[in-house]
Amino acid sequence: MHQATTTTGGPALSTQSRLGRRLIQLYVGLALYGASSALLVEAGLGLEPWGVLHQGLAGLTDLSIGVVSIIVGAAVLLLWIPLRQRPGLGTVSNVFVVGIAMDATLATVPEVHALAVRIPLLLAGIVLNGVATGLYIAADFGPGPRDGLMTGLHRRTGRSIRLMRTAVEVTVVVTGFVLGGTIGIGTVLYAVSIGPLAQLFLRVFAVLPASDGSTVVATGQPRGAILRP
């Protein structure tokens, strides 16, 4: 009798432990994503596409870039309604955690001016962004609001995700630049390296199936992910 209880309880405990790991990955990944975005801001050599927009709006409104990130994320999430997208825990968490972590990091890291320091800071920010992206996507709690916008447009228009991503991000970058956001070598380097980096760390942080045969991380999510929150 005791053995039967242990046998049936084993998979449940295993599933719970994987759920705990997924939650940790989600929030650590989102926090590191915010921190990595802050490092790119501190480096001052060019931001990721949405970061350009956030910085431009922050300068225009005198709000912190983290607060702007939260506001933009919430506004993008509202666009999910006509696109009939359903947010997950990771989607809602993304809106708040990334912005809070960004502002916290910017308040902690001192300003740097020497190019010899800014270049390593840029590289560290890009690599950390790849780590963070792999963590939160592998957790499989739903895409970020900006990713969901692109996948929603893809489903409603029938156009490829690549085309929708390009169209949205070009619009975001141009708008952010006009508003005063920073475009530079960092923007280009981020664009060409984030995909391979995120894919690498997605494999590193993938959660294995539970021992009862159920899948903790759906295989469709990482393969279809746009690799950006």
# chains A, B, ... in the order shown; residues from 1 in each chain; ligands from 1
>>> residues_around(residues="Ile81 of chain A", least_positions_apart="5", cutoff="12 Å", atoms="only C-alpha atoms", output="ChimeraX atom specification")
/A:74-76,86-87,145,148-149,152-153
>>> select_by_dssp(residues="segment 15-176 of chain A", states="alpha helix (DSSP H)", output="VMD selection string")
chain A and resid 15 to 43 49 to 61 65 to 78 80 to 83 89 to 108 115 to 139 145 to 157 161 to 176
>>> closest_atom_pairs(of="segment 90-165 of chain A", to="segment 46-57 of chain A", cutoff="10 Å", atoms="only C-alpha atoms", output="CSV")
residue,atom,partner,partner_atom,distance
A:Leu122,CA,A:Gly46,CA,8.5
A:Gly125,CA,A:Leu47,CA,9.9
A:Ile126,CA,A:Glu48,CA,9.1
A:Arg146,CA,A:Trp50,CA,8.8
>>> closest_atom_pairs(of="segment 29-71 of chain A", to="segment 97-119 of chain A", cutoff="10 Å", atoms="only C-alpha atoms", output="CSV")
residue,atom,partner,partner_atom,distance
A:Gly29,CA,A:Val98,CA,9.1
A:Leu30,CA,A:Val98,CA,5.5
A:Ala31,CA,A:Ala101,CA,5.3
A:Leu32,CA,A:Ala101,CA,7.5
A:Tyr33,CA,A:Val98,CA,6.2
A:Gly34,CA,A:Val98,CA,4.3
A:Ala35,CA,A:Met102,CA,5.1
A:Ser36,CA,A:Met102,CA,7.8
A:Ser37,CA,A:Met102,CA,6.5
A:Ala38,CA,A:Met102,CA,5.2
A:Leu39,CA,A:Leu106,CA,7.7
A:Leu40,CA,A:Arg118,CA,8.9
A:Val41,CA,A:Leu106,CA,8.3
A:Glu42,CA,A:Glu111,CA,6.5
A:Ala43,CA,A:Arg118,CA,4.5
A:Gly44,CA,A:Arg118,CA,7.3
A:Leu45,CA,A:Arg118,CA,7.6
A:Ser64,CA,A:Asp103,CA,7.1
A:Ile65,CA,A:Asp103,CA,7.0
A:Gly66,CA,A:Gly99,CA,3.9
A:Val67,CA,A:Gly99,CA,6.0
A:Val68,CA,A:Gly99,CA,7.7
A:Ser69,CA,A:Gly99,CA,5.4
A:Ile70,CA,A:Gly99,CA,5.5
A:Ile71,CA,A:Gly99,CA,9.1
>>> closest_residue(among="A:Pro120, A:Thr171, A:Ser17, A:Ser93", to="Gly186 of chain A", atoms="only C-alpha atoms")
A:Pro120
>>> closest_residue(among="A:Gln25, A:Val173, A:Ala132, A:Arg203", to="Thr187 of chain A", atoms="only C-alpha atoms")
A:Val173
